file protein_16.cif (mmCIF, C-alpha atoms)
data_target
#
loop_
_atom_site.label_atom_id
_atom_site.label_comp_id
_atom_site.auth_asym_id
_atom_site.auth_seq_id
_atom_site.Cartn_x
_atom_site.Cartn_y
_atom_site.Cartn_z
CA MET A 244 100.65 91.45 127.95
CA ASP A 245 102.38 94.62 129.12
CA TYR A 246 102.84 96.20 125.72
CA ALA A 247 104.65 99.20 127.17
CA GLY A 248 107.26 96.85 128.69
CA LEU A 249 108.40 95.46 125.33
CA ILE A 250 111.64 96.60 123.68
CA PRO A 251 110.85 99.40 121.21
CA VAL A 252 112.11 99.05 117.64
CA ASN A 253 112.54 102.31 115.75
CA VAL A 254 112.91 102.52 112.02
CA VAL A 255 115.08 105.20 110.42
CA THR A 256 114.28 105.38 106.75
CA GLY A 257 114.62 107.84 103.88
CA PHE A 258 115.56 107.95 100.23
CA LEU A 259 119.09 107.32 98.95
CA GLY A 260 121.45 110.05 100.11
CA SER A 261 118.93 111.74 102.36
CA GLY A 262 121.15 111.65 105.44
CA LYS A 263 119.85 108.69 107.41
CA THR A 264 123.23 107.69 108.77
CA THR A 265 124.23 111.22 109.67
CA LEU A 266 121.02 111.61 111.61
CA LEU A 267 121.46 108.22 113.26
CA ARG A 268 124.97 109.07 114.39
CA ARG A 269 123.64 112.23 116.00
CA LEU A 270 120.80 110.40 117.69
CA LEU A 271 122.99 107.62 119.04
CA ALA A 272 125.40 110.11 120.55
CA ALA A 273 122.69 111.11 123.05
CA PRO A 274 123.40 109.57 126.46
CA SER A 275 119.82 108.37 126.83
CA LEU A 276 120.13 106.36 123.60
CA SER A 277 123.52 104.83 124.35
CA ASP A 278 121.94 101.46 125.15
CA THR A 279 120.53 101.10 121.65
CA ALA A 280 121.28 98.20 119.31
CA VAL A 281 121.43 99.04 115.63
CA LEU A 282 120.54 96.90 112.65
CA VAL A 283 121.89 98.24 109.40
CA ASN A 284 120.72 97.26 105.97
CA GLU A 285 123.56 97.33 103.52
CA PHE A 286 122.68 98.50 100.06
CA GLY A 287 124.85 99.83 97.25
CA GLU A 288 127.74 101.61 98.99
CA VAL A 289 129.43 98.50 100.32
CA GLY A 290 129.11 98.41 104.07
CA LEU A 291 129.88 102.10 104.45
CA ASP A 292 126.96 102.77 106.70
CA HIS A 293 127.82 99.78 108.81
CA HIS A 294 131.40 100.87 109.39
CA LEU A 295 130.24 104.28 110.46
CA LEU A 296 127.74 102.86 112.84
CA GLN A 297 130.20 100.45 114.38
CA ASN A 298 131.81 103.47 115.95
CA VAL A 299 128.77 104.19 118.03
CA THR A 300 127.44 100.77 118.92
CA GLU A 301 128.90 97.34 119.45
CA SER A 302 125.75 95.44 118.74
CA ALA A 303 125.30 96.28 115.09
CA LEU A 304 124.39 93.42 112.83
CA LEU A 305 124.40 93.50 109.10
CA LEU A 306 121.43 92.03 107.32
CA ASP A 307 122.48 89.61 104.62
CA ASN A 308 120.26 90.61 101.75
CA GLY A 309 120.20 93.88 99.85
CA CYS A 310 116.82 95.26 100.71
CA VAL A 311 114.74 95.07 103.84
CA CYS A 312 111.52 95.94 102.07
CA CYS A 313 110.11 92.71 100.76
CA ALA A 314 111.98 89.45 100.38
CA ILE A 315 114.03 89.44 103.53
CA ARG A 316 111.49 89.76 106.21
CA GLY A 317 112.90 86.40 107.33
CA ASP A 318 116.33 87.94 107.70
CA LEU A 319 114.99 90.72 109.83
CA GLN A 320 113.14 88.17 111.88
CA ASP A 321 116.32 86.12 112.31
CA SER A 322 118.41 89.17 113.14
CA LEU A 323 116.03 90.40 115.81
CA ARG A 324 115.67 86.92 117.29
CA GLN A 325 119.45 86.50 117.32
CA LEU A 326 119.92 89.90 118.88
CA PHE A 327 117.44 89.08 121.62
CA SER A 328 119.11 85.73 122.31
CA GLN A 329 122.53 87.37 122.52
CA ARG A 330 121.14 89.92 124.93
CA ASP A 331 119.58 87.13 127.00
CA ARG A 332 122.91 85.25 127.15
CA GLY A 333 124.84 88.39 128.00
CA GLU A 334 126.81 88.30 124.75
CA VAL A 335 125.82 91.86 123.87
CA PRO A 336 125.14 94.78 126.22
CA PRO A 337 121.59 94.75 127.62
CA PHE A 338 120.16 97.16 125.07
CA ARG A 339 116.81 98.75 125.78
CA ARG A 340 115.98 99.80 122.23
CA VAL A 341 116.66 98.71 118.65
CA VAL A 342 117.02 101.04 115.68
CA ILE A 343 116.81 99.65 112.14
CA GLU A 344 118.32 101.79 109.42
CA THR A 345 116.73 100.76 106.15
CA SER A 346 118.12 101.02 102.68
CA GLY A 347 117.16 104.11 100.67
CA LEU A 348 114.70 102.15 98.57
CA ALA A 349 113.06 100.30 101.43
CA ASP A 350 109.39 100.09 102.22
CA PRO A 351 109.20 100.45 106.02
CA VAL A 352 105.85 98.66 106.27
CA PRO A 353 107.12 95.06 106.12
CA ILE A 354 109.48 95.94 108.96
CA ALA A 355 106.54 97.15 111.02
CA TYR A 356 104.65 94.03 110.06
CA THR A 357 107.53 91.79 111.12
CA VAL A 358 107.88 93.42 114.52
CA LEU A 359 104.16 93.51 115.24
CA SER A 360 103.01 90.17 113.95
CA GLU A 361 105.93 87.73 113.96
CA PRO A 362 104.89 85.19 116.60
CA VAL A 363 108.10 85.28 118.66
CA LEU A 364 109.16 88.87 118.13
CA GLN A 365 105.77 90.28 119.12
CA HIS A 366 106.31 88.98 122.65
CA HIS A 367 109.64 90.81 123.04
CA PHE A 368 109.52 93.85 120.77
CA ARG A 369 107.11 96.58 119.83
CA LEU A 370 107.24 99.16 117.07
CA GLY A 371 108.51 102.60 118.04
CA ALA A 372 108.52 105.79 116.00
CA VAL A 373 109.35 105.59 112.29
CA VAL A 374 111.71 108.46 111.43
CA THR A 375 112.00 109.45 107.76
CA THR A 376 114.69 111.74 106.37
CA VAL A 377 113.98 113.90 103.32
CA ASP A 378 116.71 115.77 101.47
CA ALA A 379 115.78 119.47 101.15
CA VAL A 380 117.54 119.81 97.80
CA ASN A 381 116.34 116.64 96.06
CA GLY A 382 113.35 115.65 98.20
CA ALA A 383 110.59 117.24 96.11
CA GLY A 384 111.89 115.58 92.94
CA GLN A 385 112.16 112.21 94.67
CA LEU A 386 108.60 112.50 95.98
CA ALA A 387 107.40 113.28 92.47
CA ARG A 388 109.25 110.40 90.84
CA PHE A 389 109.67 107.57 93.32
CA GLU A 390 106.89 105.68 94.99
CA GLU A 391 109.34 104.45 97.63
CA SER A 392 109.96 108.02 98.74
CA VAL A 393 106.21 108.72 98.98
CA LYS A 394 105.64 105.60 101.06
CA GLN A 395 108.51 106.44 103.41
CA VAL A 396 107.02 109.88 104.10
CA ALA A 397 103.43 108.65 104.32
CA VAL A 398 104.08 106.08 107.06
CA ALA A 399 106.47 108.24 109.12
CA ASP A 400 105.96 109.33 112.72
CA ARG A 401 108.68 111.99 112.35
CA ILE A 402 109.97 113.59 109.18
CA VAL A 403 113.39 115.20 109.29
CA VAL A 404 114.26 117.60 106.48
CA THR A 405 118.02 117.39 105.99
CA LYS A 406 120.49 119.66 104.21
CA ALA A 407 118.10 122.62 104.47
CA ASP A 408 121.13 124.91 104.61
CA LEU A 409 121.92 123.89 101.01
CA ALA A 410 118.49 124.88 99.65
CA ASP A 411 116.77 128.25 99.39
CA ALA A 412 113.88 129.10 101.69
CA GLU A 413 111.17 128.75 99.04
CA THR A 414 112.39 125.26 98.04
CA VAL A 415 112.28 124.15 101.67
CA ALA A 416 108.84 125.68 102.20
CA ALA A 417 107.47 123.96 99.08
CA LEU A 418 108.94 120.65 100.20
CA ARG A 419 107.32 121.01 103.63
CA ARG A 420 103.96 121.66 101.98
CA ALA A 421 104.37 118.57 99.78
CA ILE A 422 105.26 116.47 102.84
CA ARG A 423 102.30 117.82 104.81
CA ARG A 424 99.92 116.84 102.03
CA LEU A 425 101.20 113.27 102.29
CA ASN A 426 101.28 113.04 106.06
CA GLY A 427 99.00 115.07 108.27
CA ALA A 428 100.11 113.56 111.57
CA ALA A 429 103.92 113.62 111.73
CA PRO A 430 105.94 116.60 112.90
CA ILE A 431 108.26 117.96 110.18
CA ILE A 432 111.60 118.85 111.70
CA ASP A 433 114.57 120.68 110.21
CA SER A 434 117.70 118.65 111.00
CA GLY A 435 119.42 121.90 111.97
CA ASP A 436 116.67 122.80 114.43
CA GLY A 437 118.08 122.57 117.93
CA GLY A 438 114.60 122.60 119.46
CA TRP A 439 114.16 118.87 118.94
CA SER A 440 116.07 116.52 121.20
CA PRO A 441 117.09 113.01 120.09
CA GLU A 442 114.77 111.66 122.78
CA GLN A 443 111.79 113.47 121.30
CA LEU A 444 112.63 112.11 117.87
CA ILE A 445 113.09 108.51 118.91
CA VAL A 446 111.75 107.84 122.38
CA ASP A 447 108.39 109.61 122.46
CA ASP A 448 105.50 107.40 121.41
CA ILE A 449 102.10 106.50 122.74
CA TYR A 450 103.42 103.44 124.60
CA ASP A 451 106.09 105.36 126.47
CA ALA A 452 104.78 106.44 129.87
CA ASP A 453 106.61 109.77 129.86
CA GLY A 454 106.36 110.47 126.14
CA LYS A 455 102.70 109.59 125.60
CA ALA A 456 101.25 113.04 126.25
CA ARG A 457 104.02 114.73 124.25
CA GLU A 458 103.38 112.38 121.36
CA VAL A 459 99.71 113.27 121.25
CA GLY A 460 100.76 116.92 121.32
CA HIS A 461 102.89 116.27 118.23
CA TRP A 462 99.92 114.68 116.45
CA LEU A 463 97.63 117.58 117.23
CA ALA A 464 100.22 120.19 116.23
CA ALA A 465 100.76 118.43 112.91
CA GLN A 466 97.01 118.26 112.35
CA GLY A 467 96.80 121.98 113.02
CA GLU A 468 99.42 122.63 110.34
CA GLY A 469 97.65 120.26 107.97
CA ALA A 470 94.33 122.05 108.41
CA GLY A 471 95.78 125.12 106.73
CA ALA A 472 97.58 123.25 103.96
CA GLU A 473 96.14 123.05 100.48
CA HIS A 474 94.67 119.70 99.50
CA GLY A 475 95.96 117.54 96.71
CA HIS A 476 97.90 114.35 96.47
CA THR A 477 101.11 112.86 95.29
CA ASP A 478 101.10 109.47 93.64
CA GLY A 479 97.47 109.08 94.68
CA VAL A 480 98.35 109.43 98.38
CA SER A 481 96.42 111.92 100.46
CA SER A 482 96.14 112.73 104.14
CA PHE A 483 93.08 114.02 105.92
CA ALA A 484 91.64 114.26 109.42
CA VAL A 485 88.16 112.98 110.12
CA VAL A 486 86.45 114.62 113.10
CA PHE A 487 83.42 113.17 114.89
CA ASP A 488 81.34 115.31 117.21
CA ARG A 489 79.51 112.36 118.77
CA PRO A 490 81.27 109.72 120.87
CA LEU A 491 82.28 106.57 119.02
CA ASP A 492 81.21 103.12 120.12
CA TRP A 493 84.35 101.02 120.55
CA THR A 494 82.73 97.81 119.35
CA ALA A 495 81.31 99.43 116.23
CA PHE A 496 84.63 101.09 115.55
CA GLY A 497 86.44 97.74 115.76
CA VAL A 498 83.93 96.04 113.44
CA TRP A 499 84.20 98.90 110.95
CA MET A 500 87.98 99.26 111.06
CA THR A 501 88.70 95.54 110.67
CA MET A 502 86.30 95.41 107.72
CA LEU A 503 87.91 98.48 106.13
CA LEU A 504 91.44 97.13 106.58
CA ASN A 505 90.49 93.69 105.26
CA ARG A 506 89.20 95.20 102.02
CA HIS A 507 91.33 98.33 101.70
CA GLY A 508 94.36 97.76 103.95
CA ASP A 509 96.72 98.10 101.02
CA LYS A 510 95.34 101.62 100.47
CA VAL A 511 95.33 102.68 104.12
CA LEU A 512 98.95 103.58 104.73
CA ARG A 513 98.53 105.04 108.18
CA ILE A 514 95.87 105.76 110.81
CA LYS A 515 96.33 107.76 113.98
CA GLY A 516 93.41 108.64 116.16
CA LEU A 517 92.37 110.23 119.43
CA LEU A 518 88.95 108.75 120.16
CA ASN A 519 86.14 109.87 122.41
CA VAL A 520 84.69 106.44 123.23
CA SER A 521 81.10 106.19 124.47
CA GLY A 522 80.94 105.73 128.21
CA ILE A 523 84.67 106.31 128.78
CA ALA A 524 85.88 109.58 130.26
CA GLU A 525 89.45 109.43 128.96
CA PRO A 526 90.49 109.41 125.31
CA VAL A 527 91.69 106.24 123.60
CA LEU A 528 94.57 106.34 121.13
CA ILE A 529 94.71 104.14 118.06
CA ASN A 530 97.63 103.72 115.74
CA GLY A 531 97.76 101.61 112.59
CA VAL A 532 100.09 100.90 109.70
CA GLN A 533 98.36 99.35 106.69
CA HIS A 534 96.71 96.08 107.79
CA ILE A 535 98.22 96.25 111.26
CA VAL A 536 96.69 98.04 114.25
CA HIS A 537 98.63 98.46 117.49
CA PRO A 538 96.82 97.68 120.75
CA PRO A 539 94.77 100.74 121.77
CA VAL A 540 96.09 102.95 124.56
CA HIS A 541 94.30 104.93 127.27
CA MET A 542 95.32 108.50 127.94
CA ASP A 543 95.09 109.78 131.50
CA GLY A 544 93.16 112.82 130.30
CA TRP A 545 92.32 114.95 127.30
CA PRO A 546 95.22 117.02 125.92
CA ASP A 547 93.03 120.09 125.37
CA GLY A 548 89.43 121.28 125.66
CA ASP A 549 88.41 119.60 122.41
CA ARG A 550 86.55 116.36 123.22
CA ARG A 551 85.83 115.32 119.64
CA SER A 552 87.26 112.16 118.10
CA ARG A 553 89.97 112.99 115.58
CA ILE A 554 91.39 110.39 113.23
CA VAL A 555 94.09 111.09 110.67
CA PHE A 556 93.98 108.84 107.61
CA ILE A 557 96.83 108.62 105.12
CA VAL A 558 95.41 106.75 102.17
CA ARG A 559 95.91 105.96 98.54
CA GLY A 560 92.79 106.55 96.47
CA LEU A 561 90.13 106.49 99.20
CA GLU A 562 87.73 109.41 99.62
CA GLN A 563 87.33 111.21 102.92
CA ALA A 564 83.57 111.68 102.50
CA ARG A 565 82.99 107.94 101.97
CA ILE A 566 85.05 107.03 105.01
CA GLU A 567 83.19 109.52 107.21
CA ALA A 568 79.77 108.42 105.95
CA SER A 569 80.59 104.75 106.42
CA LEU A 570 81.88 105.09 109.97
CA ASN A 571 78.82 107.16 110.89
CA VAL A 572 76.49 104.42 109.63
CA PHE A 573 78.34 101.76 111.64
CA ASN A 574 78.31 103.95 114.73
CA ASP A 575 74.57 104.57 114.33
CA MET A 576 73.90 100.82 114.33
CA VAL A 577 74.83 100.65 117.99
CA ASN A 578 71.62 101.93 119.53
CA SER A 579 69.41 99.36 117.86
CA SER A 580 71.98 96.61 118.48
CA ALA A 581 72.09 97.56 122.16
CA GLU A 582 68.36 96.84 122.32
CA GLU A 583 68.94 93.41 120.72
CA THR A 584 71.73 92.67 123.21
CA SER A 585 69.60 93.57 126.23
CA GLY A 586 66.87 91.35 124.78
CA LEU A 587 69.37 88.49 124.57
CA ILE A 588 70.44 89.04 128.15
CA ARG A 589 66.85 89.08 129.38
CA ALA A 590 66.07 85.94 127.36
CA GLY A 591 69.17 84.22 128.76
CA MET B 102 95.82 80.40 116.25
CA CYS B 103 96.94 83.44 114.34
CA GLY B 104 95.43 83.44 110.85
CA LEU B 105 98.13 85.75 109.52
CA CYS B 106 101.05 83.55 110.44
CA GLY B 107 99.43 80.19 111.19
CA VAL B 108 101.22 79.85 114.50
CA LEU B 109 99.70 79.25 117.91
CA GLY B 110 99.87 81.83 120.63
CA GLY B 111 99.59 85.19 118.89
CA ARG B 112 98.89 88.36 120.83
CA GLY B 113 95.22 89.09 121.50
CA HIS B 114 93.43 90.92 118.73
CA TRP B 115 93.23 94.68 119.13
CA THR B 116 89.45 94.78 118.87
CA GLU B 117 89.21 92.50 121.90
CA THR B 118 91.09 94.99 124.03
CA SER B 119 88.43 96.58 126.16
CA THR B 120 88.49 100.34 126.47
CA ASN B 121 86.42 100.17 129.62
CA PRO B 122 88.39 100.64 132.86
CA ASP B 123 86.12 98.01 134.45
CA ALA B 124 87.87 95.42 132.29
CA PHE B 125 91.06 96.02 134.26
CA ALA B 126 89.43 95.41 137.65
CA SER B 127 89.60 91.79 138.70
CA ARG B 128 86.03 91.58 139.99
CA THR B 129 84.39 93.00 136.90
CA ALA B 130 86.80 92.04 134.13
CA ALA B 131 85.14 88.83 132.97
CA HIS B 132 81.69 90.37 133.01
CA THR B 133 82.79 93.46 131.08
CA THR B 134 84.73 91.65 128.38
CA GLY B 135 82.00 89.00 128.06
CA ARG B 136 79.35 91.65 127.60
CA GLU B 137 81.47 93.42 125.01
CA ARG B 138 81.99 90.15 123.16
CA GLN B 139 78.25 89.61 123.08
CA ALA B 140 77.64 93.13 121.79
CA ARG B 141 80.33 92.61 119.15
CA THR B 142 78.65 89.43 117.92
CA VAL B 143 75.25 91.13 117.66
CA LEU B 144 76.71 94.06 115.76
CA VAL B 145 78.72 91.92 113.37
CA ASN B 146 75.65 89.83 112.59
CA ARG B 147 73.78 92.91 111.42
CA VAL B 148 76.52 93.49 108.85
CA LEU B 149 76.92 89.83 107.92
CA LYS B 150 73.19 89.51 107.22
CA HIS B 151 73.78 91.57 104.08
CA TYR B 152 76.02 88.78 102.80
CA GLY B 153 73.84 85.89 103.91
CA LEU B 154 76.20 84.98 106.74
CA GLY B 155 75.85 84.55 110.49
CA LEU B 156 78.32 84.48 113.39
CA LYS B 157 78.08 82.64 116.71
CA ASP B 158 80.34 82.85 119.70
CA TRP B 159 82.11 79.56 120.35
CA SER B 160 82.97 79.04 124.02
CA GLY B 161 84.01 82.64 124.47
CA SER B 162 87.27 82.00 122.66
CA SER B 163 86.47 81.70 118.94
CA TYR B 164 83.61 82.34 116.57
CA VAL B 165 81.80 80.12 114.07
CA LEU B 166 80.98 81.80 110.77
CA ARG B 167 78.21 80.11 108.81
CA SER B 168 76.81 80.79 105.35
CA SER B 169 73.19 80.33 104.32
CA THR B 170 74.27 77.28 102.33
CA GLY B 171 75.80 75.63 105.37
CA LYS B 172 79.48 76.38 104.81
CA THR B 173 81.24 77.06 108.10
CA ALA B 174 84.57 78.42 109.26
CA LEU B 175 86.10 78.79 112.71
CA VAL B 176 87.76 82.17 113.27
CA ASP B 177 89.54 83.74 116.23
CA ASN B 178 88.93 87.40 115.61
CA LEU B 179 87.34 89.96 113.34
CA THR B 180 90.34 90.25 111.02
CA GLN B 181 90.17 86.54 110.27
CA MET B 182 86.40 86.72 110.06
CA TRP B 183 86.24 89.27 107.23
CA ALA B 184 88.74 87.30 105.18
CA GLN B 185 86.70 84.13 105.70
CA ALA B 186 83.43 85.95 104.95
CA GLU B 187 84.80 86.93 101.56
CA SER B 188 86.09 83.42 101.00
CA LEU B 189 82.78 81.75 101.89
CA THR B 190 80.65 84.08 99.78
CA GLY B 191 83.04 84.96 96.96
CA ARG B 192 82.01 88.60 97.48
CA ASP B 193 83.90 91.69 98.58
CA CYS B 194 82.84 92.74 102.07
CA ASP B 195 83.37 96.48 101.67
CA PRO B 196 82.28 98.94 104.38
CA LEU B 197 82.34 101.73 101.77
CA ASP B 198 79.82 99.93 99.55
CA ASP B 199 76.67 102.06 99.12
CA ALA B 200 74.39 99.02 98.99
CA LEU B 201 75.70 97.77 102.34
CA LEU B 202 75.37 101.19 103.95
CA ALA B 203 71.81 101.56 102.65
CA ALA B 204 70.95 98.15 104.12
CA LEU B 205 72.47 99.09 107.48
CA ARG B 206 70.52 102.35 107.59
CA ARG B 207 67.22 100.48 107.30
#
call {"tool": "encode", "arguments": {"input": "protein_16.cif", "output": "structure tokens"}}
result
Amino acid sequence: MDYAGLIPVNVVTGFLGSGKTTLLRRLLAAPSLSDTAVLVNEFGEVGLDHHLLQNVTESALLLDNGCVCCAIRGDLQDSLRQLFSQRDRGEVPPFRRVVIETSGLADPVPIAYTVLSEPVLQHHFRLGAVVTTVDAVNGAGQLARFEESVKQVAVADRIVVTKADLADAETVAALRRAIRRLNGAAPIIDSGDGGWSPEQLIVDDIYDADGKAREVGHWLAAQGEGAGAEHGHTDGVSSFAVVFDRPLDWTAFGVWMTMLLNRHGDKVLRIKGLLNVSGIAEPVLINGVQHIVHPPVHMDGWPDGDRRSRIVFIVRGLEQARIEASLNVFNDMVNSSAEETSGLIRAG
Amino acid sequence: MCGLCGVLGGRGHWTETSTNPDAFASRTAAHTTGRERQARTVLVNRVLKHYGLGLKDWSGSSYVLRSSTGKTALVDNLTQMWAQAESLTGRDCDPLDDALLAALRR
């Protein structure tokens, strides 16, 4: 399957009042995003978000239930299927992207799960970047008090700090540090920063031919920031980068990762990695959200002179040292197993 | 069949995506992916031995997981296999378990 040819589905999430809709309106005003369909999740403020969004897109659908996070995966499934059918029949403009705006209390992971594993949707859609808004004034308090807010930040591909003009510089800096501790792979962007285009926020991802290299650049820049940040965790969530000097065996990595996610997938919120795979000149990108791993992607070349494998883990209650030690043991199994395999081939 | 959703025709499992460019060349694709599948089975069996389990390739499309007491399960991919391994043995198959890692180092 040509994964890159599927319709990307972006998720815009963020806590109540954090400016999701304002951001979305700005994003959708960009000419390159004009052919975007929007799914809005109504919650609390009756339909307000929907009415605002109707101004910028004609293919908005309102999900029936209150919260996208758990019980209505079926509704999201139905909405996306319906949207695709309407597009196929020419009843809505031929959109090239879908954006889902979640409710403020939503867990974005079931949305990712629905897009990536629903048997019909997975043949038409793929998951794009998850964009999370965090209110500069109230964000730190929300992260301290609400698990939903922590989860939204932890699984994000982009984090947009909103209303920074209403907070003092130290409050914003402290919030950025708190966010970086939770997510060591996503760029943190000030909504007032003109240096980020809507395309970079939404379009760039590792499955986009033009945006792939830029996306890896974002990962590495975020990791660089994270390396200088103090450690610690919020609500048991921590983010760390594991670096391997030796090449990784792809087969061993797959065996290890599937085993880890089977047992600890609920604690592994996010994985992003640039792998140096044994016997392969170019790096391989991996990207996972909880139990789900996207198909791996080849890069055309290394983004910099560093040829080491680098994997960012965002986890709840798992120790970095144990993860490193375990993967090393699995990787070390390969040499002896290679001898067994060649023996099998000779015997056969 | 997809074990997560129980519906036929799911996308191929991510671990079965070869990272080797040879797998994308028509002349070498079958050989490369077949060899990788064989290596995967050998490697998995080294881990499964710790739990008294064994895995065999089944026609290049599925795997048969078998316990030492004769219980068997047919699985399509590694994700399904670990869930079944825990089900057949009643044990947690944890890659962070010190006892497993010590056994694999030997």
call {"tool": "resolve_selection", "arguments": {"input": "protein_16.cif", "expression": "the PyMOL selection byres ((chain B) within 6 of (chain A))", "output": "PyMOL selection string"}}
result
chain B and resi 111+115-116+141+180+195-197
call {"tool": "resolve_selection", "arguments": {"input": "protein_16.cif", "expression": "the PyMOL selection byres ((chain A and resi 265) around 12)", "output": "list in words"}}
result
Val255, Thr256, Gly257, Gly260, Ser261, Gly262, Lys263, Thr264, Leu266, Leu267, Arg268, Arg269, Leu270, Leu271, Ala272, Leu291, Asp292, Leu295, Leu296, Val299, Glu344, Thr376, Val403, Thr405, Lys406, Ser434 and Gly435 of chain A
call {"tool": "write_last_selection", "arguments": {"input": "protein_16.cif", "atoms": "C-alpha atoms", "output": "mmCIF file, keeping the file's coordinate frame"}}
result
data_model
loop_
_atom_site.group_PDB
_atom_site.id
_atom_site.type_symbol
_atom_site.label_atom_id
_atom_site.label_comp_id
_atom_site.auth_asym_id
_atom_site.auth_seq_id
_atom_site.Cartn_x
_atom_site.Cartn_y
_atom_site.Cartn_z
ATOM 1 C CA VAL A 255 115.080 105.200 110.420
ATOM 2 C CA THR A 256 114.280 105.380 106.750
ATOM 3 C CA GLY A 257 114.620 107.840 103.880
ATOM 4 C CA GLY A 260 121.450 110.050 100.110
ATOM 5 C CA SER A 261 118.930 111.740 102.360
ATOM 6 C CA GLY A 262 121.150 111.650 105.440
ATOM 7 C CA LYS A 263 119.850 108.690 107.410
ATOM 8 C CA THR A 264 123.230 107.690 108.770
ATOM 9 C CA LEU A 266 121.020 111.610 111.610
ATOM 10 C CA LEU A 267 121.460 108.220 113.260
ATOM 11 C CA ARG A 268 124.970 109.070 114.390
ATOM 12 C CA ARG A 269 123.640 112.230 116.000
ATOM 13 C CA LEU A 270 120.800 110.400 117.690
ATOM 14 C CA LEU A 271 122.990 107.620 119.040
ATOM 15 C CA ALA A 272 125.400 110.110 120.550
ATOM 16 C CA LEU A 291 129.880 102.100 104.450
ATOM 17 C CA ASP A 292 126.960 102.770 106.700
ATOM 18 C CA LEU A 295 130.240 104.280 110.460
ATOM 19 C CA LEU A 296 127.740 102.860 112.840
ATOM 20 C CA VAL A 299 128.770 104.190 118.030
ATOM 21 C CA GLU A 344 118.320 101.790 109.420
ATOM 22 C CA THR A 376 114.690 111.740 106.370
ATOM 23 C CA VAL A 403 113.390 115.200 109.290
ATOM 24 C CA THR A 405 118.020 117.390 105.990
ATOM 25 C CA LYS A 406 120.490 119.660 104.210
ATOM 26 C CA SER A 434 117.700 118.650 111.000
ATOM 27 C CA GLY A 435 119.420 121.900 111.970
#
call {"tool": "resolve_selection", "arguments": {"input": "protein_16.cif", "expression": "the PyMOL selection byres ((chain A and resi 258) around 12)", "output": "ChimeraX atom specification"}}
result
/A:255-257,259-264,286,344-351,374-379,381-386,388-396,402-405
call {"tool": "atom_distance", "arguments": {"input": "protein_16.cif", "atom1": "atom CA of Gly191 of chain B", "atom2": "atom CA of Leu154 of chain B"}}
result
11.9 Å
call {"tool": "closest_residue", "arguments": {"input": "protein_16.cif", "among": "B:Gly113, B:Leu179, B:Arg167, B:Asp199", "to": "Leu144 of chain B", "atoms": "all atoms listed in the file"}}
result
B:Leu179
call {"tool": "residues_around", "arguments": {"input": "protein_16.cif", "residues": "segment 542-557 of chain A", "least_positions_apart": "4", "cutoff": "8 Å", "atoms": "only C-alpha atoms", "output": "VMD selection string"}}
result
chain A and resid 397 to 398 425 to 428 455 to 456 459 to 460 466 480 to 491 511 to 519 524 to 528
call {"tool": "residues_around", "arguments": {"input": "protein_16.cif", "residues": "Ser160 of chain B", "least_positions_apart": "5", "cutoff": "12 Å", "atoms": "only C-alpha atoms", "output": "list in words"}}
result
Gly135, Arg138, Gln139, Val165, Leu175 and Asp177 of chain B
call {"tool": "atom_distance", "arguments": {"input": "protein_16.cif", "atom1": "atom CA of Pro353 of chain A", "atom2": "atom CA of Pro251 of chain A"}}
result
16.1 Å
call {"tool": "atom_distance", "arguments": {"input": "protein_16.cif", "atom1": "atom CA of Gln320 of chain A", "atom2": "atom CA of His367 of chain A"}}
result
12.0 Å
call {"tool": "closest_residue", "arguments": {"input": "protein_16.cif", "among": "A:Ala416, A:Ala465, A:Val380, A:Ala372", "to": "Val341 of chain A", "atoms": "all atoms listed in the file"}}
result
A:Ala372
call {"tool": "residues_around", "arguments": {"input": "protein_16.cif", "residues": "Leu166 of chain B", "least_positions_apart": "6", "cutoff": "12 Å", "atoms": "all atoms listed in the file", "output": "compact mmCIF listing (two decimals) with C-alpha atoms, in the frame of the given file"}}
result
# COMPACT_ATOMS: atom_id res chain seq x y z
CA THR B 142 78.65 89.43 117.92
CA VAL B 145 78.72 91.92 113.37
CA ASN B 146 75.65 89.83 112.59
CA LEU B 149 76.92 89.83 107.92
CA LYS B 150 73.19 89.51 107.22
CA TYR B 152 76.02 88.78 102.80
CA GLY B 153 73.84 85.89 103.91
CA LEU B 154 76.20 84.98 106.74
CA GLY B 155 75.85 84.55 110.49
CA LEU B 156 78.32 84.48 113.39
CA LYS B 157 78.08 82.64 116.71
CA ASP B 158 80.34 82.85 119.70
CA TRP B 159 82.11 79.56 120.35
CA LYS B 172 79.48 76.38 104.81
CA THR B 173 81.24 77.06 108.10
CA ALA B 174 84.57 78.42 109.26
CA LEU B 175 86.10 78.79 112.71
CA VAL B 176 87.76 82.17 113.27
CA ASP B 177 89.54 83.74 116.23
CA ASN B 178 88.93 87.40 115.61
CA LEU B 179 87.34 89.96 113.34
CA GLN B 181 90.17 86.54 110.27
CA MET B 182 86.40 86.72 110.06
CA TRP B 183 86.24 89.27 107.23
CA ALA B 184 88.74 87.30 105.18
CA GLN B 185 86.70 84.13 105.70
CA ALA B 186 83.43 85.95 104.95
CA GLU B 187 84.80 86.93 101.56
CA SER B 188 86.09 83.42 101.00
CA LEU B 189 82.78 81.75 101.89
CA THR B 190 80.65 84.08 99.78
